[in-house]
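**Q** Got work33.pdb for you, PDB, C-alpha atoms:
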ATOM      1  CA  MET A   1    -118.442  39.641  18.673
ATOM      2  CA  ALA A   2    -117.820  43.386  19.065
ATOM      3  CA  GLU A   3    -116.872  44.611  22.515
ATOM      4  CA  ARG A   4    -116.657  47.973  24.206
ATOM      5  CA  ALA A   5    -113.377  49.599  25.219
ATOM      6  CA  ASP A   6    -113.697  48.219  28.752
ATOM      7  CA  GLY A   7    -113.919  44.680  27.388
ATOM      8  CA  GLN A   8    -117.631  44.209  28.108
ATOM      9  CA  GLU A   9    -120.323  43.559  25.541
ATOM     10  CA  GLY A  10    -122.441  46.541  24.469
ATOM     11  CA  PRO A  11    -126.248  46.532  24.397
ATOM     12  CA  CYS A  12    -126.274  46.093  20.619
ATOM     13  CA  THR A  13    -124.015  43.050  20.656
ATOM     14  CA  LYS A  14    -125.370  41.252  23.696
ATOM     15  CA  GLN A  15    -128.089  38.822  22.707
ATOM     16  CA  PHE A  16    -131.523  39.634  24.134
ATOM     17  CA  PHE A  17    -134.081  36.852  24.089
ATOM     18  CA  LEU A  18    -137.800  37.263  23.586
ATOM     19  CA  ARG A  19    -138.587  35.689  26.955
ATOM     20  CA  GLU A  20    -136.522  38.402  28.701
ATOM     21  CA  LEU A  21    -139.013  41.094  27.649
ATOM     22  CA  VAL A  22    -140.999  41.813  30.828
ATOM     23  CA  GLU A  23    -143.151  44.773  31.792
ATOM     24  CA  GLY A  24    -141.408  47.021  34.310
ATOM     25  CA  GLN A  25    -137.923  45.902  33.223
ATOM     26  CA  ASN A  26    -135.549  47.267  30.596
ATOM     27  CA  ASP A  27    -135.438  46.133  26.995
ATOM     28  CA  LYS A  28    -132.345  45.620  24.864
ATOM     29  CA  LEU A  29    -131.884  49.387  24.423
ATOM     30  CA  GLY A  30    -132.180  50.079  28.145
ATOM     31  CA  HIS A  31    -135.722  51.546  28.009
ATOM     32  CA  GLU A  32    -138.214  50.503  30.646
ATOM     33  CA  VAL A  33    -141.075  48.478  29.218
ATOM     34  CA  ASP A  34    -144.358  50.180  30.135
ATOM     35  CA  GLU A  35    -146.723  47.746  28.436
ATOM     36  CA  ILE A  36    -146.548  44.749  26.104
ATOM     37  CA  LEU A  37    -149.121  45.490  23.416
ATOM     38  CA  TRP A  38    -148.790  42.359  21.265
ATOM     39  CA  ILE A  39    -146.939  39.112  21.836
ATOM     40  CA  GLY A  40    -146.487  35.985  19.775
ATOM     41  CA  ARG A  41    -144.156  33.033  19.514
ATOM     42  CA  GLN A  42    -141.793  34.835  17.134
ATOM     43  CA  TYR A  43    -142.053  38.528  18.102
ATOM     44  CA  ALA A  44    -143.451  40.988  20.642
ATOM     45  CA  ILE A  45    -144.570  44.593  20.370
ATOM     46  CA  TYR A  46    -144.229  46.800  23.420
ATOM     47  CA  ARG A  47    -144.407  50.434  24.488
ATOM     48  CA  THR A  48    -141.840  52.529  26.347
ATOM     49  CA  ARG A  49    -141.533  56.242  27.034
ATOM     50  CA  LYS A  50    -139.469  56.476  23.863
ATOM     51  CA  GLY A  51    -142.216  55.008  21.703
ATOM     52  CA  VAL A  52    -143.443  51.652  20.399
ATOM     53  CA  TYR A  53    -140.820  49.013  19.581
ATOM     54  CA  VAL A  54    -140.733  45.408  18.414
ATOM     55  CA  GLN A  55    -138.660  42.535  19.777
ATOM     56  CA  PHE A  56    -137.808  40.176  16.949
ATOM     57  CA  SER A  57    -137.482  36.423  17.000
ATOM     58  CA  ASP A  58    -134.631  34.619  18.749
ATOM     59  CA  SER A  59    -133.914  32.766  15.519
ATOM     60  CA  GLU A  60    -131.396  34.643  13.364
ATOM     61  CA  ASP A  61    -133.011  33.581  10.088
ATOM     62  CA  GLU A  62    -136.483  34.563  11.257
ATOM     63  CA  GLU A  63    -135.151  37.812  12.694
ATOM     64  CA  ARG A  64    -133.537  38.675   9.355
ATOM     65  CA  ALA A  65    -136.831  38.098   7.549
ATOM     66  CA  GLN A  66    -138.757  40.143  10.106
ATOM     67  CA  ARG A  67    -136.330  43.059   9.833
ATOM     68  CA  SER A  68    -136.675  43.003   6.055
ATOM     69  CA  LYS A  69    -140.443  43.399   6.389
ATOM     70  CA  PHE A  70    -140.151  45.906   9.211
ATOM     71  CA  THR A  71    -138.039  48.297   7.152
ATOM     72  CA  ARG A  72    -141.003  48.831   4.819
ATOM     73  CA  ILE A  73    -142.709  50.984   7.457
ATOM     74  CA  SER A  74    -139.653  52.150   9.412
ATOM     75  CA  PRO A  75    -139.688  55.724   7.944
ATOM     76  CA  GLU A  76    -143.216  56.318   9.221
ATOM     77  CA  LEU A  77    -142.428  54.627  12.536
ATOM     78  CA  CYS A  78    -139.375  56.824  13.176
ATOM     79  CA  GLU A  79    -141.450  59.981  12.828
ATOM     80  CA  LEU A  80    -144.320  58.467  14.791
ATOM     81  CA  ARG A  81    -142.006  57.603  17.678
ATOM     82  CA  TYR A  82    -140.709  61.162  17.832
ATOM     83  CA  LEU A  83    -144.122  62.854  17.561
ATOM     84  CA  THR A  84    -145.932  60.534  19.977
ATOM     85  CA  CYS A  85    -143.091  60.911  22.470
ATOM     86  CA  GLU A  86    -143.595  64.688  22.282
ATOM     87  CA  LEU A  87    -147.349  64.273  22.799
ATOM     88  CA  HIS A  88    -146.839  62.050  25.849
ATOM     89  CA  ALA A  89    -144.356  64.537  27.329
ATOM     90  CA  ARG A  90    -146.768  67.449  26.807
ATOM     91  CA  TRP A  91    -149.599  65.543  28.477
ATOM     92  CA  ARG A  92    -147.464  64.598  31.467
ATOM     93  CA  SER A  93    -146.193  68.159  31.894
ATOM     94  CA  SER A  94    -149.598  69.832  31.454
ATOM     95  CA  PRO A  95    -151.470  70.982  34.585
ATOM     96  CA  SER A  96    -154.150  68.624  35.846
ATOM     97  CA  LEU A  97    -156.854  71.218  35.171
ATOM     98  CA  LEU A  98    -156.016  71.110  31.461
ATOM     99  CA  ARG A  99    -156.423  67.335  31.195
ATOM    100  CA  LEU A 100    -160.220  67.632  31.000
ATOM    101  CA  GLY A 101    -160.700  65.148  33.840
ATOM    102  CA  SER A 102    -159.005  62.306  31.941
ATOM    103  CA  SER A 103    -156.726  60.076  33.988
ATOM    104  CA  ASP A 104    -155.297  58.315  30.946
ATOM    105  CA  ASP A 105    -153.020  59.733  28.252
ATOM    106  CA  PRO A 106    -155.157  60.245  25.101
ATOM    107  CA  ALA A 107    -152.042  59.883  22.939
ATOM    108  CA  LYS A 108    -151.963  56.146  23.764
ATOM    109  CA  LEU A 109    -154.455  55.643  20.949
ATOM    110  CA  TYR A 110    -151.696  56.354  18.472
ATOM    111  CA  ASP A 111    -149.441  53.812  20.208
ATOM    112  CA  TYR A 112    -152.065  51.122  19.748
ATOM    113  CA  SER A 113    -152.435  52.028  16.065
ATOM    114  CA  ILE A 114    -148.660  51.831  15.642
ATOM    115  CA  ALA A 115    -148.618  48.414  17.315
ATOM    116  CA  GLN A 116    -151.388  47.219  15.022
ATOM    117  CA  SER A 117    -149.517  48.373  11.909
ATOM    118  CA  ILE A 118    -146.376  46.564  13.074
ATOM    119  CA  ALA A 119    -148.388  43.415  13.768
ATOM    120  CA  LEU A 120    -149.886  43.507  10.265
ATOM    121  CA  VAL A 121    -146.424  43.752   8.740
ATOM    122  CA  MET A 122    -145.095  40.948  10.925
ATOM    123  CA  GLU A 123    -148.024  38.785   9.777
ATOM    124  CA  ASN A 124    -147.119  39.441   6.096
ATOM    125  CA  ASP A 125    -149.895  41.993   5.498
ATOM    126  CA  ILE A 126    -147.397  44.657   4.423
ATOM    127  CA  PRO A 127    -149.849  46.808   2.360
ATOM    128  CA  GLY A 128    -152.303  46.903   5.257
ATOM    129  CA  GLY A 129    -149.577  47.783   7.734
ATOM    130  CA  MET A 130    -148.204  50.538   5.504
ATOM    131  CA  THR A 131    -151.663  52.033   5.009
ATOM    132  CA  LEU A 132    -152.370  52.039   8.746
ATOM    133  CA  ALA A 133    -148.947  53.538   9.526
ATOM    134  CA  LYS A 134    -149.454  56.338   6.983
ATOM    135  CA  GLN A 135    -152.948  57.104   8.266
ATOM    136  CA  THR A 136    -151.704  57.153  11.860
ATOM    137  CA  LEU A 137    -148.865  59.496  10.926
ATOM    138  CA  ALA A 138    -151.330  61.837   9.201
ATOM    139  CA  LEU A 139    -153.525  61.904  12.329
ATOM    140  CA  VAL A 140    -150.563  62.589  14.594
ATOM    141  CA  VAL A 141    -149.333  65.397  12.327
ATOM    142  CA  ASP A 142    -152.799  66.990  12.441
ATOM    143  CA  ARG A 143    -152.857  66.685  16.231
ATOM    144  CA  VAL A 144    -149.413  68.269  16.643
ATOM    145  CA  THR A 145    -150.316  71.015  14.142
ATOM    146  CA  ASN A 146    -153.446  71.884  16.111
ATOM    147  CA  ASP A 147    -151.492  71.934  19.387
ATOM    148  CA  ASN A 148    -148.863  74.235  17.869
ATOM    149  CA  THR A 149    -151.553  76.556  16.533
ATOM    150  CA  VAL A 150    -153.267  76.706  19.923
ATOM    151  CA  ARG A 151    -149.985  77.581  21.636
ATOM    152  CA  TYR A 152    -149.430  80.324  19.067
ATOM    153  CA  PHE A 153    -152.898  81.729  19.759
ATOM    154  CA  VAL A 154    -152.397  81.547  23.527
ATOM    155  CA  SER A 155    -149.136  83.479  23.140
ATOM    156  CA  CYS A 156    -151.010  86.154  21.195
ATOM    157  CA  VAL A 157    -153.702  86.342  23.895
ATOM    158  CA  ILE A 158    -151.092  86.740  26.651
ATOM    159  CA  CYS A 159    -149.330  89.495  24.728
ATOM    160  CA  TRP A 160    -152.659  91.215  24.066
ATOM    161  CA  MET A 161    -153.544  91.102  27.767
ATOM    162  CA  LEU A 162    -150.191  92.668  28.641
ATOM    163  CA  CYS A 163    -150.796  95.429  26.113
ATOM    164  CA  ALA A 164    -154.290  95.989  27.527
ATOM    165  CA  VAL A 165    -152.998  96.254  31.098
ATOM    166  CA  LEU A 166    -150.240  98.608  29.980
ATOM    167  CA  GLY A 167    -152.779 100.715  28.117
ATOM    168  CA  VAL A 168    -155.146 100.933  31.106
ATOM    169  CA  VAL A 169    -152.303 102.026  33.380
ATOM    170  CA  ALA A 170    -151.117 104.585  30.823
ATOM    171  CA  LEU A 171    -154.665 105.883  30.367
ATOM    172  CA  TRP A 172    -155.078 106.299  34.130
ATOM    173  CA  VAL A 173    -151.764 108.157  34.401
ATOM    174  CA  VAL A 174    -152.581 110.423  31.470
ATOM    175  CA  THR A 175    -156.076 111.170  32.803
ATOM    176  CA  ARG A 176    -154.828 112.017  36.285
ATOM    177  CA  LEU A 177    -151.546 113.774  35.560
ATOM    178  CA  TYR A 178    -151.780 115.022  31.978
ATOM    179  CA  PRO A 179    -155.440 115.648  31.084
ATOM    180  CA  TRP A 180    -154.777 116.277  27.411
ATOM    181  CA  PRO A 181    -157.251 114.788  24.922
ATOM    182  CA  GLU A 182    -154.454 114.184  22.412
ATOM    183  CA  LEU A 183    -152.551 111.916  24.793
ATOM    184  CA  ARG A 184    -155.676 109.940  25.627
ATOM    185  CA  SER A 185    -156.311 109.464  21.904
ATOM    186  CA  PHE A 186    -152.827 107.974  21.441
ATOM    187  CA  VAL A 187    -153.299 105.570  24.351
ATOM    188  CA  VAL A 188    -156.744 104.483  23.137
ATOM    189  CA  ALA A 189    -155.408 104.008  19.602
ATOM    190  CA  ALA A 190    -152.605 101.808  20.957
ATOM    191  CA  MET A 191    -154.975  99.650  23.023
ATOM    192  CA  PHE A 192    -157.401  99.151  20.166
ATOM    193  CA  GLY A 193    -154.515  98.573  17.765
ATOM    194  CA  ALA A 194    -153.466  95.552  19.830
ATOM    195  CA  THR A 195    -157.114  94.463  19.930
ATOM    196  CA  GLY A 196    -157.353  94.726  16.138
ATOM    197  CA  ALA A 197    -154.219  92.596  15.751
ATOM    198  CA  MET A 198    -155.674  90.023  18.132
ATOM    199  CA  LEU A 199    -158.916  90.008  16.160
ATOM    200  CA  SER A 200    -156.976  89.474  12.948
ATOM    201  CA  VAL A 201    -155.163  86.469  14.444
ATOM    202  CA  ALA A 202    -158.422  84.977  15.755
ATOM    203  CA  ILE A 203    -160.164  85.280  12.378
ATOM    204  CA  ARG A 204    -157.222  83.884  10.418
ATOM    205  CA  LEU A 205    -156.305  81.203  12.968
ATOM    206  CA  ARG A 206    -156.857  78.364  10.491
ATOM    207  CA  GLU A 207    -154.191  79.863   8.231
ATOM    208  CA  PHE A 208    -151.530  79.534  10.946
ATOM    209  CA  ALA A 209    -151.013  75.825  10.349
ATOM    210  CA  LEU A 210    -147.777  75.290  12.280
ATOM    211  CA  ARG A 211    -146.874  71.793  11.196
ATOM    212  CA  PRO A 212    -144.249  69.805  13.141
ATOM    213  CA  CYS A 213    -141.389  70.861  10.856
ATOM    214  CA  GLN A 214    -142.404  74.537  11.218
ATOM    215  CA  GLN A 215    -142.655  74.681  14.996
ATOM    216  CA  SER A 216    -139.965  76.634  16.885
ATOM    217  CA  ASN A 217    -139.635  79.061  19.765
ATOM    218  CA  MET A 218    -139.536  81.866  17.196
ATOM    219  CA  ASN A 219    -143.300  81.438  16.790
ATOM    220  CA  ILE A 220    -143.737  82.939  20.265
ATOM    221  CA  VAL A 221    -141.665  85.933  19.168
ATOM    222  CA  ARG A 222    -143.733  86.205  16.000
ATOM    223  CA  SER A 223    -146.990  86.200  17.960
ATOM    224  CA  ALA A 224    -145.712  88.916  20.299
ATOM    225  CA  THR A 225    -144.429  90.915  17.333
ATOM    226  CA  ARG A 226    -147.783  90.728  15.561
ATOM    227  CA  VAL A 227    -149.667  92.121  18.557
ATOM    228  CA  GLY A 228    -146.887  94.612  19.275
ATOM    229  CA  ILE A 229    -147.092  95.990  15.748
ATOM    230  CA  GLY A 230    -150.814  96.556  16.226
ATOM    231  CA  PHE A 231    -150.070  98.293  19.548
ATOM    232  CA  ILE A 232    -147.708 100.680  17.764
ATOM    233  CA  ALA A 233    -149.637 101.071  14.511
ATOM    234  CA  GLY A 234    -152.610 102.860  16.122
ATOM    235  CA  PRO A 235    -150.648 105.817  17.559
ATOM    236  CA  LEU A 236    -148.544 106.091  14.416
ATOM    237  CA  LEU A 237    -151.639 106.432  12.267
ATOM    238  CA  LEU A 238    -152.697 109.405  14.374
ATOM    239  CA  LEU A 239    -149.529 111.189  13.262
ATOM    240  CA  LEU A 240    -150.218 110.758   9.567
ATOM    241  CA  PRO A 241    -152.877 113.506   9.172
ATOM    242  CA  HIS A 242    -150.034 116.012   9.124
ATOM    243  CA  SER A 243    -148.768 114.430   5.895
ATOM    244  CA  ALA A 244    -150.262 114.695   2.434
ATOM    245  CA  ILE A 245    -150.721 110.949   1.866
ATOM    246  CA  LEU A 246    -154.147 110.687   3.548
ATOM    247  CA  SER A 247    -157.485 111.554   1.998
ATOM    248  CA  ASP A 248    -159.976 114.001   3.491
ATOM    249  CA  HIS A 249    -162.241 111.143   4.647
ATOM    250  CA  TRP A 250    -159.364 109.538   6.525
ATOM    251  CA  LYS A 251    -158.427 112.837   8.158
ATOM    252  CA  LEU A 252    -162.057 113.247   9.258
ATOM    253  CA  LEU A 253    -161.886 109.829  10.945
ATOM    254  CA  VAL A 254    -158.670 110.755  12.706
ATOM    255  CA  SER A 255    -160.213 113.959  14.063
ATOM    256  CA  GLY A 256    -163.179 112.090  15.560
ATOM    257  CA  GLY A 257    -161.912 112.101  19.146
ATOM    258  CA  LEU A 258    -161.553 108.960  21.232
ATOM    259  CA  GLN A 259    -164.046 107.016  19.141
ATOM    260  CA  GLY A 260    -162.183 107.891  15.958
ATOM    261  CA  ALA A 261    -158.890 106.917  17.619
ATOM    262  CA  ALA A 262    -160.380 103.571  18.680
ATOM    263  CA  VAL A 263    -161.669 102.832  15.179
ATOM    264  CA  LEU A 264    -158.363 103.891  13.684
ATOM    265  CA  GLY A 265    -156.459 101.659  16.103
ATOM    266  CA  VAL A 266    -158.585  98.631  15.247
ATOM    267  CA  LEU A 267    -158.067  99.241  11.531
ATOM    268  CA  GLY A 268    -154.335  99.683  11.974
ATOM    269  CA  GLY A 269    -153.987  96.495  14.037
ATOM    270  CA  PHE A 270    -156.380  94.368  12.003
ATOM    271  CA  THR A 271    -154.980  95.367   8.579
ATOM    272  CA  GLU A 272    -151.337  94.652   9.250
ATOM    273  CA  ARG A 273    -150.244  95.871   5.802
ATOM    274  CA  LEU A 274    -152.046  99.235   6.111
ATOM    275  CA  LEU A 275    -149.314 101.148   7.922
ATOM    276  CA  PRO A 276    -146.404  99.702   5.872
ATOM    277  CA  ASN A 277    -148.242 100.561   2.648
ATOM    278  CA  LEU A 278    -148.880 104.124   3.802
ATOM    279  CA  LEU A 279    -145.274 104.584   4.882
ATOM    280  CA  GLN A 280    -144.033 103.048   1.645
ATOM    281  CA  LYS A 281    -146.219 105.484  -0.257
ATOM    282  CA  ALA A 282    -144.646 108.328   1.676
ATOM    283  CA  VAL A 283    -140.988 107.336   1.295
ATOM    284  CA  GLY A 284    -141.208 105.584  -2.053
ATOM    285  CA  GLN A 285    -140.631 102.011  -3.230
ATOM    286  CA  SER A 286    -137.641 100.357  -1.579
ATOM    287  CA  GLU A 287    -135.377  98.026  -3.454
ATOM    288  CA  PRO A 288    -135.203  94.445  -2.162
ATOM    289  CA  ALA A 289    -131.971  93.664  -0.372
ATOM    290  CA  ALA A 290    -129.667  90.881  -1.495
ATOM    291  CA  GLY A 291    -129.409  87.957   0.871
ATOM    292  CA  THR A 292    -126.259  86.336  -0.561
ATOM    293  CA  PRO A 293    -123.277  87.467  -2.683
ATOM    294  CA  VAL A 294    -124.702  85.573  -5.674
ATOM    295  CA  GLN A 295    -128.001  87.406  -5.378
ATOM    296  CA  ALA A 296    -126.159  90.720  -5.108
ATOM    297  CA  ALA A 297    -124.177  89.929  -8.252
ATOM    298  CA  ARG A 298    -127.315  88.921 -10.151
ATOM    299  CA  MET A 299    -129.101  92.083  -9.073
ATOM    300  CA  GLU A 300    -126.137  94.172 -10.261
ATOM    301  CA  GLN A 301    -126.215  92.399 -13.615
ATOM    302  CA  ALA A 302    -129.948  93.033 -13.908
ATOM    303  CA  ARG A 303    -129.466  96.750 -13.201
ATOM    304  CA  ALA A 304    -126.680  96.949 -15.761
ATOM    305  CA  GLN A 305    -128.766  95.220 -18.416
ATOM    306  CA  ALA A 306    -131.719  97.515 -17.657
ATOM    307  CA  ALA A 307    -129.480 100.573 -18.002
ATOM    308  CA  VAL A 308    -128.106  99.376 -21.355
ATOM    309  CA  GLY A 309    -131.526  98.438 -22.665
TER     310      GLY A 309
END
Here is a file; write its structure as structure tokens.
**A**
Amino acid sequence: MAERADGQEGPCTKQFFLRELVEGQNDKLGHEVDEILWIGRQYAIYRTRKGVYVQFSDSEDEERAQRSKFTRISPELCELRYLTCELHARWRSSPSLLRLGSSDDPAKLYDYSIAQSIALVMENDIPGGMTLAKQTLALVVDRVTNDNTVRYFVSCVICWMLCAVLGVVALWVVTRLYPWPELRSFVVAAMFGATGAMLSVAIRLREFALRPCQQSNMNIVRSATRVGIGFIAGPLLLLLPHSAILSDHWKLLVSGGLQGAAVLGVLGGFTERLLPNLLQKAVGQSEPAAGTPVQAARMEQARAQAAVG
């Protein structure tokens, strides 16, 4: 029997009997057992803060057979444990006002579905257990995706509110200290540019499907960048009438005072590709940059072949 360096048996080598599994005490892995969901003479299914686990039979032959069946759904269970653990942690850390008056964790439903799928496999209904595990994983992925999308939208709303407050303060300062209509037009264009970007995010919210493998803290930066670009795009569009890339109708809109600046800001923030396309038209088409040495070498070969041809 394998031993640790201090001569004592480790948790993986020390035998843990089925009768030792008790609610409120630790399991073989050292996790506290919150609730025993399913128990039989040869196995037990229980829930901890780390997810849903199964305690196999005390008989080595029966345990070997149970593990062989259990591995059929272990890929889905590994991801389910991770995702449900994240859902439980979010619910516990959320303010009480956001729990919609519920005193019980709604994510427990997924734990019960996981326990049922394990029970089906243990009772030799492997196809049924696999189907239930896959369906549960799909539901959890949808739930996490929706939560990630909502957090992205909330980040956009917070950034938009900051831009609105900054715009109101700037408009008050400009009105009191520098009563120039041109400056007020720039401030109004910036405020409505952020509003247009926020409107674009709200309309296209279903397209921002941030699945579990795509969620990161960079999404908060992306949301702030999207609204920030709209905040900047409005004033920049007011500078373009001095160039020759705008039509007469567009110049008439720009010269329409505060209302024209507001409309222009909304268009600049809502159509996020409008300003880059106009600037690209002014400076010309830029060549894509190489991301790796191999790409740079291939691009050089393509230019050489184009020159020869």
**Q** I'd like the residues picked by the PyMOL selection byres ((chain A and resi 164-180) around 12) written out as JSON, numbers by chain, using the chain letters and numbers from the file.
**A** {"A": [157, 158, 159, 160, 161, 162, 163, 181, 182, 183, 184, 185, 186, 187, 188, 189, 190, 191, 192, 193, 194, 195, 196, 198, 227, 228, 230, 231, 232, 235, 257, 258]}
**Q** May I ask which of the residues A:Ser113, A:Ile126, A:Leu210, A:Lys134 is the closest one to Val150 in chain A, counting only C-alpha atoms?
**A**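 Answer, going by the shortest atom-to-atom distance: A:Leu210.
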**Q** Using only C-alpha atoms, which residues of range 86-195 of chain A come within 7 Å of range 59-75 of chain A, and what is the closest atom pair for each, with the distance in Å to one decimal? Give it as a Markdown table, sorted by chain and residue number.
**A**
| residue | atom | partner | partner_atom | distance |
| --- | --- | --- | --- | --- |
| A:Val121 | CA | A:Lys69 | CA | 6.4 |
| A:Met122 | CA | A:Gln66 | CA | 6.4 |
| A:Met130 | CA | A:Ile73 | CA | 5.8 |
**Q** Just the residues within 7 Å of range 45-55 of chain A, please, counting all atoms listed in the file, with nothing from its chain fewer than 5 positions along; format it as a ChimeraX atom specification.
**A** /A:18,31-39,81,84-85,111,115
**Q** Generate a file of the selected residues that holds C-alpha atoms, formatted as a PDB file, keeping the file's coordinate frame.
**A**
ATOM      1  CA  LEU A  18    -137.800  37.263  23.586  1.00  0.00           C
ATOM      2  CA  HIS A  31    -135.722  51.546  28.009  1.00  0.00           C
ATOM      3  CA  GLU A  32    -138.214  50.503  30.646  1.00  0.00           C
ATOM      4  CA  VAL A  33    -141.075  48.478  29.218  1.00  0.00           C
ATOM      5  CA  ASP A  34    -144.358  50.180  30.135  1.00  0.00           C
ATOM      6  CA  GLU A  35    -146.723  47.746  28.436  1.00  0.00           C
ATOM      7  CA  ILE A  36    -146.548  44.749  26.104  1.00  0.00           C
ATOM      8  CA  LEU A  37    -149.121  45.490  23.416  1.00  0.00           C
ATOM      9  CA  TRP A  38    -148.790  42.359  21.265  1.00  0.00           C
ATOM     10  CA  ILE A  39    -146.939  39.112  21.836  1.00  0.00           C
ATOM     11  CA  ARG A  81    -142.006  57.603  17.678  1.00  0.00           C
ATOM     12  CA  THR A  84    -145.932  60.534  19.977  1.00  0.00           C
ATOM     13  CA  CYS A  85    -143.091  60.911  22.470  1.00  0.00           C
ATOM     14  CA  ASP A 111    -149.441  53.812  20.208  1.00  0.00           C
ATOM     15  CA  ALA A 115    -148.618  48.414  17.315  1.00  0.00           C
TER      16      ALA A 115
END
**Q** Pick the closest to Gly268 in chain A from A:Ile229, A:Val22, A:Leu109, A:Ala138: which is it, counting all atoms listed in the file?
**A** A:Ile229
**Q** Would you list the residues near (-151.3, 78.6, 18.8) (no more than 9 Å away, in the coordinates of the file, using only C-alpha atoms) as a PDB file with C-alpha atoms, in the coordinates of the input?
**A**
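Here's the written file result.pdb:
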ATOM      1  CA  THR A 145    -150.316  71.015  14.142  1.00  0.00           C
ATOM      2  CA  ASN A 146    -153.446  71.884  16.111  1.00  0.00           C
ATOM      3  CA  ASP A 147    -151.492  71.934  19.387  1.00  0.00           C
ATOM      4  CA  ASN A 148    -148.863  74.235  17.869  1.00  0.00           C
ATOM      5  CA  THR A 149    -151.553  76.556  16.533  1.00  0.00           C
ATOM      6  CA  VAL A 150    -153.267  76.706  19.923  1.00  0.00           C
ATOM      7  CA  ARG A 151    -149.985  77.581  21.636  1.00  0.00           C
ATOM      8  CA  TYR A 152    -149.430  80.324  19.067  1.00  0.00           C
ATOM      9  CA  PHE A 153    -152.898  81.729  19.759  1.00  0.00           C
ATOM     10  CA  VAL A 154    -152.397  81.547  23.527  1.00  0.00           C
ATOM     11  CA  SER A 155    -149.136  83.479  23.140  1.00  0.00           C
ATOM     12  CA  CYS A 156    -151.010  86.154  21.195  1.00  0.00           C
ATOM     13  CA  LEU A 205    -156.305  81.203  12.968  1.00  0.00           C
ATOM     14  CA  PHE A 208    -151.530  79.534  10.946  1.00  0.00           C
ATOM     15  CA  ALA A 209    -151.013  75.825  10.349  1.00  0.00           C
ATOM     16  CA  LEU A 210    -147.777  75.290  12.280  1.00  0.00           C
ATOM     17  CA  ASN A 219    -143.300  81.438  16.790  1.00  0.00           C
ATOM     18  CA  ILE A 220    -143.737  82.939  20.265  1.00  0.00           C
ATOM     19  CA  SER A 223    -146.990  86.200  17.960  1.00  0.00           C
TER      20      SER A 223
END
**Q** Starting from 5 Å padding per side, set up an axis-aligned box that covers all listed atoms of range 19-27 of chain A and hand over centre and edge lengths in Å, one decimal, as JSON.
**A**
{"center_x": -139.3, "center_y": 41.5, "center_z": 30.6, "size_x": 17.7, "size_y": 21.6, "size_z": 17.4}
**Q** CA of Ala107 in chain A to CA of Thr131 in chain A: how many Å, to one decimal?
**A**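 CA of Thr131 in chain A lies at a distance of 19.6 Å from CA of Ala107 in chain A.
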**Q** To one decimal place in Å, what is the distance between CA of Leu199 in chain A and CA of Leu237 in chain A?
**A** 18.4 Å
**Q** If you measure from CA of Gly40 in chain A to CA of Pro106 in chain A, what distance in Å do you get, rounded to one decimal?
**A**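 Computing it gives 26.3 Å between the two atoms.
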**Q** Which residues, written as a PyMOL selection string, have at least one atom at most 10 Å from Ser200 in chain A, with only C-alpha atoms counted and residues fewer than 6 positions away on the same chain left out?
**A** chain A and resi 194+226-227+230+266-267+269-272
